[in-house]
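Undergrad: Here it is, the structure in full.
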Amino acid sequence: MRKKRNDRNHIVYEIVNTENGKSYIGITAALGRRFHYSAKLRLQKHFSRARKESKNWALYNDMREYAQSVYELFIVKVIRGKAAAHQYETKQLQMFHYELNSTH
């Protein structure tokens, strides 16, 4: 049986609420070389979950309060490998204050 690849590209993205200046950092797997599209799909999933689920997470509470149009999406970095992407995200969380991340 073929060994599963573990070196897929992952996108570290940032969501910024332009009205209150709060931000969120996260990672998602890249769909081929379509990095912005992959991050945009992940943002849409965040909005969907904020509407449909009653999670008391800072990002979802913020999304319920503000219109979808006030959020901007930025690609911070594309990293090869899930573990490396998580490591980079953790470093960013430690260095900067992301108000919408529930674990900071």
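Numbering starts fresh at 1 for the residues of each chain in the structure tokens, the chains themselves are lettered A, B, ... in the order given, and ligands are numbered from 1 as they appear.
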As a list in words, list the residues of chain A assigned to strand (DSSP E) by DSSP on the backbone atoms of this structure.
TA: Asn9, His10, Ile11, Val12, Tyr13, Glu14, Ile15, Val16, Asn17, Ser23, Tyr24, Ile25, Gly26, Ile27, Thr28, Ala29, Tyr71, Glu72, Leu73, Phe74, Ile75, Val76, Lys77, Val78, Ile79 and Arg80 of chain A
Undergrad: Taking 2 positions as the minimum chain separation for residues in the same chain, which residues sit within 7 Å of segment 6-14 of chain A when counting only C-alpha atoms? Answer as a PyMOL selection string.
TA: chain A and resi 4+16+23-30+35+39+73-82+85+89
Undergrad: Output the selection as a PDB file, in the first residue's frame - C-alpha atoms for each residue.
TA:
```
ATOM      1  CA  LYS A   4       0.177   8.824   2.374  1.00  0.00           C
ATOM      2  CA  VAL A  16      -9.352  41.182   9.856  1.00  0.00           C
ATOM      3  CA  SER A  23      -8.026  39.817  13.773  1.00  0.00           C
ATOM      4  CA  TYR A  24      -7.838  36.022  13.587  1.00  0.00           C
ATOM      5  CA  ILE A  25      -5.086  33.762  12.273  1.00  0.00           C
ATOM      6  CA  GLY A  26      -5.666  30.228  11.049  1.00  0.00           C
ATOM      7  CA  ILE A  27      -4.450  27.561   8.646  1.00  0.00           C
ATOM      8  CA  THR A  28      -6.106  25.568   5.907  1.00  0.00           C
ATOM      9  CA  ALA A  29      -4.963  23.025   3.353  1.00  0.00           C
ATOM     10  CA  ALA A  30      -4.309  24.376  -0.128  1.00  0.00           C
ATOM     11  CA  PHE A  35      -4.119  29.528  -2.533  1.00  0.00           C
ATOM     12  CA  ALA A  39      -8.443  30.586   1.925  1.00  0.00           C
ATOM     13  CA  LEU A  73      -8.799  38.043   4.132  1.00  0.00           C
ATOM     14  CA  PHE A  74      -5.013  38.024   3.837  1.00  0.00           C
ATOM     15  CA  ILE A  75      -2.676  35.168   3.012  1.00  0.00           C
ATOM     16  CA  VAL A  76       0.203  35.397   5.467  1.00  0.00           C
ATOM     17  CA  LYS A  77       2.305  32.491   4.206  1.00  0.00           C
ATOM     18  CA  VAL A  78       2.141  29.236   2.260  1.00  0.00           C
ATOM     19  CA  ILE A  79       3.993  26.456   4.065  1.00  0.00           C
ATOM     20  CA  ARG A  80       4.804  22.915   3.001  1.00  0.00           C
ATOM     21  CA  GLY A  81       3.586  20.396   5.579  1.00  0.00           C
ATOM     22  CA  LYS A  82       0.857  20.492   8.200  1.00  0.00           C
ATOM     23  CA  ALA A  85       2.171  25.267   9.323  1.00  0.00           C
ATOM     24  CA  GLU A  89       0.754  29.630  13.445  1.00  0.00           C
TER      25      GLU A  89
END
```
Undergrad: Could you list, as a list in words, every residue within 7 Å of Trp57 of chain A, counting only C-alpha atoms and ignoring same-chain residues fewer than 3 positions away?
TA: Tyr60, Asn61 and Ser102 of chain A
Undergrad: Apply DSSP to the backbone of this structure and, from chain A, keep only the residues in helix (DSSP H, G or I); write these as number ranges by chain.
TA: A: 35-52, 58-65, 68-70, 82-95
Undergrad: Just give me the gap between atom CA of Ala50 of chain A and atom CA of Lys91 of chain A in Å, one decimal is fine.
TA: 25.9 Å
